[in-house]
>>> print(open('coords-v7.pdb').read())   # PDB, C-alpha atoms and all ligand atoms
MODEL        1
ATOM      1  CA  MET A  37      27.487 -41.223  16.518  1.00  0.00           C
ATOM      2  CA  THR A  38      29.983 -41.264  13.719  1.00  0.00           C
ATOM      3  CA  ILE A  39      28.928 -41.420  10.125  1.00  0.00           C
ATOM      4  CA  ARG A  40      31.478 -42.588   7.606  1.00  0.00           C
ATOM      5  CA  LEU A  41      30.823 -41.160   4.196  1.00  0.00           C
ATOM      6  CA  PRO A  42      32.495 -42.800   1.223  1.00  0.00           C
ATOM      7  CA  VAL A  43      34.976 -40.503  -0.472  1.00  0.00           C
ATOM      8  CA  ARG A  44      35.701 -40.878  -4.156  1.00  0.00           C
ATOM      9  CA  ILE A  45      39.308 -41.471  -5.217  1.00  0.00           C
ATOM     10  CA  ASP A  46      39.531 -39.817  -8.619  1.00  0.00           C
ATOM     11  CA  SER A  47      42.930 -40.786  -9.995  1.00  0.00           C
ATOM     12  CA  ALA A  48      45.012 -43.918 -10.392  1.00  0.00           C
ATOM     13  CA  ALA A  49      47.979 -42.318  -8.620  1.00  0.00           C
ATOM     14  CA  LYS A  50      45.832 -41.469  -5.598  1.00  0.00           C
ATOM     15  CA  ALA A  51      44.291 -44.939  -5.616  1.00  0.00           C
ATOM     16  CA  LYS A  52      47.723 -46.566  -5.670  1.00  0.00           C
ATOM     17  CA  ALA A  53      48.962 -44.336  -2.856  1.00  0.00           C
ATOM     18  CA  TYR A  54      45.848 -45.085  -0.816  1.00  0.00           C
ATOM     19  CA  PHE A  55      46.020 -48.835  -1.456  1.00  0.00           C
ATOM     20  CA  LEU A  56      49.637 -48.963  -0.307  1.00  0.00           C
ATOM     21  CA  GLY A  57      49.181 -46.632   2.660  1.00  0.00           C
ATOM     22  CA  GLY A  58      49.546 -49.523   5.118  1.00  0.00           C
ATOM     23  CA  LYS A  59      46.028 -49.936   6.475  1.00  0.00           C
ATOM     24  CA  ALA A  60      43.603 -49.060   3.704  1.00  0.00           C
ATOM     25  CA  THR A  61      39.898 -49.882   3.461  1.00  0.00           C
ATOM     26  CA  PHE A  62      38.125 -49.035   0.235  1.00  0.00           C
ATOM     27  CA  THR A  63      35.108 -49.936  -1.840  1.00  0.00           C
ATOM     28  CA  LEU A  64      34.943 -50.586  -5.559  1.00  0.00           C
ATOM     29  CA  TYR A  65      31.738 -49.822  -7.388  1.00  0.00           C
ATOM     30  CA  SER A  66      31.090 -51.232 -10.840  1.00  0.00           C
ATOM     31  CA  LEU A  67      28.931 -49.050 -13.062  1.00  0.00           C
ATOM     32  CA  LYS A  68      28.391 -52.120 -15.212  1.00  0.00           C
ATOM     33  CA  THR A  69      27.151 -54.605 -12.607  1.00  0.00           C
ATOM     34  CA  LYS A  70      26.010 -51.980 -10.035  1.00  0.00           C
ATOM     35  CA  LYS A  71      27.815 -53.957  -7.347  1.00  0.00           C
ATOM     36  CA  TYR A  72      29.978 -52.840  -4.439  1.00  0.00           C
ATOM     37  CA  LEU A  73      33.024 -54.767  -3.250  1.00  0.00           C
ATOM     38  CA  THR A  74      35.031 -53.783  -0.204  1.00  0.00           C
ATOM     39  CA  TYR A  75      38.698 -54.592   0.247  1.00  0.00           C
ATOM     40  CA  ARG A  76      41.304 -54.007   2.895  1.00  0.00           C
ATOM     41  CA  ILE A  77      45.042 -53.866   2.246  1.00  0.00           C
ATOM     42  CA  VAL A  78      47.435 -54.158   5.156  1.00  0.00           C
ATOM     43  CA  VAL A  79      51.197 -53.824   4.977  1.00  0.00           C
ATOM     44  CA  CYS A  80      53.272 -56.796   6.144  1.00  0.00           C
ATOM     45  CA  LYS A  81      54.746 -55.919   9.536  1.00  0.00           C
ATOM     46  CA  SER A  82      58.047 -57.703   8.970  1.00  0.00           C
ATOM     47  CA  ASP A  83      58.601 -56.658   5.338  1.00  0.00           C
ATOM     48  CA  ALA A  84      57.016 -53.450   4.067  1.00  0.00           C
ATOM     49  CA  ARG A  85      57.437 -54.503   0.430  1.00  0.00           C
ATOM     50  CA  PHE A  86      54.496 -56.859   0.889  1.00  0.00           C
ATOM     51  CA  HIS A  87      50.881 -55.857   1.244  1.00  0.00           C
ATOM     52  CA  PHE A  88      48.165 -58.344   2.124  1.00  0.00           C
ATOM     53  CA  VAL A  89      44.807 -57.976   0.431  1.00  0.00           C
ATOM     54  CA  TRP A  90      41.535 -58.962   2.101  1.00  0.00           C
ATOM     55  CA  ALA A  91      38.039 -58.864   0.677  1.00  0.00           C
ATOM     56  CA  HIS A  92      34.869 -58.321   2.621  1.00  0.00           C
ATOM     57  CA  THR A  93      32.311 -61.109   2.237  1.00  0.00           C
ATOM     58  CA  HIS A  94      29.118 -62.062   4.038  1.00  0.00           C
ATOM     59  CA  ALA A  95      31.352 -64.179   6.312  1.00  0.00           C
ATOM     60  CA  GLY A  96      33.742 -61.361   7.176  1.00  0.00           C
ATOM     61  CA  TYR A  97      37.084 -60.569   5.591  1.00  0.00           C
ATOM     62  CA  ARG A  98      38.678 -63.298   3.478  1.00  0.00           C
ATOM     63  CA  TYR A  99      42.315 -63.335   2.491  1.00  0.00           C
ATOM     64  CA  VAL A 100      42.756 -62.730  -1.240  1.00  0.00           C
ATOM     65  CA  GLY A 101      46.490 -62.550  -1.848  1.00  0.00           C
ATOM     66  CA  ALA A 102      49.547 -60.354  -1.655  1.00  0.00           C
ATOM     67  CA  ILE A 103      50.912 -57.405  -3.569  1.00  0.00           C
ATOM     68  CA  LYS A 104      54.644 -57.675  -4.014  1.00  0.00           C
ATOM     69  CA  GLU A 105      55.909 -54.154  -4.386  1.00  0.00           C
ATOM     70  CA  SER A 106      58.880 -52.754  -6.169  1.00  0.00           C
ATOM     71  CA  THR A 107      62.337 -52.614  -4.727  1.00  0.00           C
ATOM     72  CA  LYS A 108      65.071 -50.231  -5.724  1.00  0.00           C
ATOM     73  CA  PHE A 109      66.595 -52.680  -8.154  1.00  0.00           C
ATOM     74  CA  LYS A 110      63.489 -54.476  -9.317  1.00  0.00           C
ATOM     75  CA  PRO A 111      60.834 -51.939 -10.226  1.00  0.00           C
ATOM     76  CA  ILE A 112      58.028 -54.417 -10.534  1.00  0.00           C
ATOM     77  CA  SER A 113      54.823 -54.971  -8.717  1.00  0.00           C
ATOM     78  CA  TYR A 114      52.421 -57.829  -8.985  1.00  0.00           C
ATOM     79  CA  PHE A 115      49.509 -59.419  -7.228  1.00  0.00           C
ATOM     80  CA  VAL A 116      49.691 -63.086  -6.338  1.00  0.00           C
ATOM     81  CA  PRO A 117      47.572 -65.601  -4.478  1.00  0.00           C
ATOM     82  CA  THR A 118      49.088 -67.296  -1.464  1.00  0.00           C
ATOM     83  CA  LYS A 119      48.332 -70.602   0.252  1.00  0.00           C
ATOM     84  CA  LYS A 120      45.629 -69.355   2.580  1.00  0.00           C
ATOM     85  CA  SER A 121      43.918 -67.201  -0.002  1.00  0.00           C
ATOM     86  CA  LEU A 122      40.813 -67.586  -2.118  1.00  0.00           C
ATOM     87  CA  THR A 123      41.504 -69.402  -5.375  1.00  0.00           C
ATOM     88  CA  GLN A 124      42.619 -67.548  -8.475  1.00  0.00           C
ATOM     89  CA  ASN A 125      39.260 -68.358 -10.034  1.00  0.00           C
ATOM     90  CA  HIS A 126      37.351 -66.601  -7.299  1.00  0.00           C
ATOM     91  CA  PHE A 127      35.811 -63.381  -8.581  1.00  0.00           C
ATOM     92  CA  LEU A 128      37.168 -61.405  -5.615  1.00  0.00           C
ATOM     93  CA  PHE A 129      40.667 -62.397  -6.691  1.00  0.00           C
ATOM     94  CA  LYS A 130      40.011 -61.659 -10.366  1.00  0.00           C
ATOM     95  CA  VAL A 131      38.440 -58.265  -9.670  1.00  0.00           C
ATOM     96  CA  PHE A 132      41.286 -57.117  -7.490  1.00  0.00           C
ATOM     97  CA  LYS A 133      43.919 -58.374  -9.901  1.00  0.00           C
ATOM     98  CA  TRP A 134      42.221 -56.455 -12.705  1.00  0.00           C
ATOM     99  CA  VAL A 135      41.954 -53.263 -10.638  1.00  0.00           C
ATOM    100  CA  TRP A 136      45.543 -53.501  -9.417  1.00  0.00           C
ATOM    101  CA  GLY A 137      46.780 -54.023 -12.979  1.00  0.00           C
ATOM    102  CA  HIS A 138      45.075 -50.795 -14.009  1.00  0.00           C
ATOM    103  CA  VAL A 139      46.030 -48.725 -11.008  1.00  0.00           C
ATOM    104  CA  TYR A 140      49.647 -49.821 -11.082  1.00  0.00           C
ATOM    105  CA  ASN A 141      49.867 -48.811 -14.747  1.00  0.00           C
ATOM    106  CA  ASP A 142      48.347 -45.440 -13.963  1.00  0.00           C
ATOM    107  CA  SER A 143      44.893 -45.948 -15.380  1.00  0.00           C
ATOM    108  CA  LEU A 144      41.435 -46.203 -13.895  1.00  0.00           C
ATOM    109  CA  PRO A 145      38.884 -48.481 -15.573  1.00  0.00           C
ATOM    110  CA  PHE A 146      36.182 -46.169 -16.941  1.00  0.00           C
ATOM    111  CA  ASN A 147      33.337 -48.234 -15.517  1.00  0.00           C
ATOM    112  CA  LEU A 148      34.760 -48.423 -12.014  1.00  0.00           C
ATOM    113  CA  LEU A 149      34.492 -46.013  -9.096  1.00  0.00           C
ATOM    114  CA  ILE A 150      36.791 -46.273  -6.083  1.00  0.00           C
ATOM    115  CA  TYR A 151      35.855 -44.933  -2.672  1.00  0.00           C
ATOM    116  CA  HIS A 152      37.713 -44.908   0.590  1.00  0.00           C
ATOM    117  CA  ASP A 153      35.756 -45.158   3.798  1.00  0.00           C
ATOM    118  CA  GLY A 154      36.875 -41.949   5.490  1.00  0.00           C
ATOM    119  CA  THR A 155      39.714 -43.585   7.386  1.00  0.00           C
ATOM    120  CA  CYS A 156      43.426 -42.877   7.154  1.00  0.00           C
ATOM    121  CA  CYS A 157      45.149 -45.188   4.662  1.00  0.00           C
ATOM    122  CA  ARG A 158      48.208 -45.511   6.900  1.00  0.00           C
ATOM    123  CA  CYS A 159      46.833 -45.970  10.427  1.00  0.00           C
ATOM    124  CA  GLY A 160      43.168 -46.750   9.793  1.00  0.00           C
ATOM    125  CA  ARG A 161      41.875 -44.069  12.159  1.00  0.00           C
ATOM    126  CA  LEU A 162      38.755 -42.093  11.315  1.00  0.00           C
ATOM    127  CA  LEU A 163      39.572 -38.836   9.519  1.00  0.00           C
ATOM    128  CA  THR A 164      37.829 -35.761  10.854  1.00  0.00           C
ATOM    129  CA  ASP A 165      38.883 -32.626   8.954  1.00  0.00           C
ATOM    130  CA  PRO A 166      37.754 -32.079   5.343  1.00  0.00           C
ATOM    131  CA  LYS A 167      41.270 -31.742   3.934  1.00  0.00           C
ATOM    132  CA  SER A 168      42.401 -35.055   5.412  1.00  0.00           C
ATOM    133  CA  ILE A 169      39.196 -36.787   4.334  1.00  0.00           C
ATOM    134  CA  LYS A 170      39.747 -35.586   0.765  1.00  0.00           C
ATOM    135  CA  ARG A 171      43.341 -36.855   0.814  1.00  0.00           C
ATOM    136  CA  GLY A 172      42.558 -40.090   2.631  1.00  0.00           C
ATOM    137  CA  ILE A 173      45.373 -39.621   5.106  1.00  0.00           C
ATOM    138  CA  GLY A 174      45.670 -37.887   8.473  1.00  0.00           C
ATOM    139  CA  PRO A 175      47.946 -34.923   9.313  1.00  0.00           C
ATOM    140  CA  GLU A 176      50.462 -37.029  11.254  1.00  0.00           C
ATOM    141  CA  CYS A 177      50.614 -39.874   8.753  1.00  0.00           C
ATOM    142  CA  ILE A 178      51.051 -37.598   5.756  1.00  0.00           C
ATOM    143  CA  LYS A 179      54.373 -36.421   7.191  1.00  0.00           C
ATOM    144  CA  TYR A 180      55.627 -39.967   6.959  1.00  0.00           C
ATOM    145  CA  PHE A 181      54.150 -40.296   3.476  1.00  0.00           C
ATOM    146  CA  GLU A 182      55.748 -37.121   2.135  1.00  0.00           C
ATOM    147  CA  PHE A 183      59.043 -38.249   3.533  1.00  0.00           C
ATOM    148  CA  LYS A 184      58.757 -41.703   2.017  1.00  0.00           C
ATOM    149  CA  LYS A 185      57.070 -41.019  -1.303  1.00  0.00           C
ATOM    150  CA  GLY A 186      58.106 -37.452  -2.063  1.00  0.00           C
ATOM    151  CA  GLY A 187      54.681 -35.962  -1.416  1.00  0.00           C
ATOM    152  CA  THR A 188      52.817 -37.631  -4.223  1.00  0.00           C
ATOM    153  CA  ILE A 189      49.510 -38.176  -2.453  1.00  0.00           C
TER
HETATM  154 ZN    ZN B 201      46.837 -41.951  10.043  1.00  0.00          ZN
ENDMDL
END
>>> encode(input="coords-v7.pdb", output="structure tokens")
Amino acid sequence: MTIRLPVRIDSAAKAKAYFLGGKATFTLYSLKTKKYLTYRIVVCKSDARFHFVWAHTHAGYRYVGAIKESTKFKPISYFVPTKKSLTQNHFLFKVFKWVWGHVYNDSLPFNLLIYHDGTCCRCGRLLTDPKSIKRGIGPECIKYFEFKKGGTI
């Protein structure tokens, strides 16, 4: 039997790296409302500048919107709803938009805790050694990450 323990992500930079790993599953915990929300962010297969955000609900994962990431010439990033997604008034959309706004600008909301679920943020496989679990990325995937992001995770 495998037990997945939640692992705390303690900085905005790490949260951003984890979110954009390619296949990330994480849980947000609000110290204010005492509620947990789980999201999944998957990179677009045909264009890696886009990441699709899903939120876990009682009816399974629902599509929330897309992160449009920076390009070399346009260093911007924003989170937008798309046609199939939950409406912009839905709290799952609002919460993620708020969190992404913070994380992208290198801050963590003080009343929010972020946990990953013990899986690799790039391939989604279960992490087994303590070092990888702490980082949120496996030994093979981190090679790709260091190459791509200059070892910032
Ligand atoms: Zn991996």
>>> resolve_selection(input="coords-v7.pdb", expression="the PyMOL selection byres (((not hetatm)) within 10 of (chain B and resi 201))", output="ChimeraX atom specification")
/A:57-59,155-163,168,172-181
>>> residues_around(input="coords-v7.pdb", residues="segment 69-82 of chain A", least_positions_apart="6", cutoff="6 Å", atoms="all atoms listed in the file", output="PyMOL selection string")
chain A and resi 58-63+88-92
>>> closest_residue(input="coords-v7.pdb", among="A:Asp46, A:Phe129, A:Lys104, A:Arg171", to="Gly154 of chain A", atoms="only C-alpha atoms")
A:Arg171
>>> residues_around(input="coords-v7.pdb", residues="segment 115-121 of chain A", least_positions_apart="4", cutoff="10 Å", atoms="all atoms listed in the file", output="mmCIF file with C-alpha atoms, in the frame of the given file")
data_model
loop_
_atom_site.group_PDB
_atom_site.id
_atom_site.type_symbol
_atom_site.label_atom_id
_atom_site.label_comp_id
_atom_site.auth_asym_id
_atom_site.auth_seq_id
_atom_site.Cartn_x
_atom_site.Cartn_y
_atom_site.Cartn_z
ATOM 1 C CA PHE A 86 54.496 -56.859 0.889
ATOM 2 C CA HIS A 87 50.881 -55.857 1.244
ATOM 3 C CA PHE A 88 48.165 -58.344 2.124
ATOM 4 C CA VAL A 89 44.807 -57.976 0.431
ATOM 5 C CA TRP A 90 41.535 -58.962 2.101
ATOM 6 C CA ARG A 98 38.678 -63.298 3.478
ATOM 7 C CA TYR A 99 42.315 -63.335 2.491
ATOM 8 C CA VAL A 100 42.756 -62.730 -1.240
ATOM 9 C CA GLY A 101 46.490 -62.550 -1.848
ATOM 10 C CA ALA A 102 49.547 -60.354 -1.655
ATOM 11 C CA ILE A 103 50.912 -57.405 -3.569
ATOM 12 C CA LYS A 104 54.644 -57.675 -4.014
ATOM 13 C CA GLU A 105 55.909 -54.154 -4.386
ATOM 14 C CA HIS A 126 37.351 -66.601 -7.299
ATOM 15 C CA PHE A 129 40.667 -62.397 -6.691
ATOM 16 C CA PHE A 132 41.286 -57.117 -7.490
ATOM 17 C CA LYS A 133 43.919 -58.374 -9.901
ATOM 18 C CA TRP A 134 42.221 -56.455 -12.705
ATOM 19 C CA TRP A 136 45.543 -53.501 -9.417
ATOM 20 C CA GLY A 137 46.780 -54.023 -12.979
#
>>> residues_around(input="coords-v7.pdb", residues="Ala48 of chain A", least_positions_apart="3", cutoff="6 Å", atoms="all atoms listed in the file", output="MDAnalysis selection string")
chainID A and resid 51 139 142:144
>>> closest_residue(input="coords-v7.pdb", among="A:Ala95, A:Ala53, A:Ile45, A:Leu122", to="Tyr65 of chain A", atoms="all atoms listed in the file")
A:Ile45
>>> atom_distance(input="coords-v7.pdb", atom1="atom CA of His152 of chain A", atom2="atom CA of Tyr54 of chain A")
8.3 Å
>>> atom_distance(input="coords-v7.pdb", atom1="atom CA of Leu128 of chain A", atom2="atom CA of Phe55 of chain A")
15.9 Å
>>> atom_distance(input="coords-v7.pdb", atom1="atom CA of Lys167 of chain A", atom2="atom CA of Arg85 of chain A")
28.1 Å
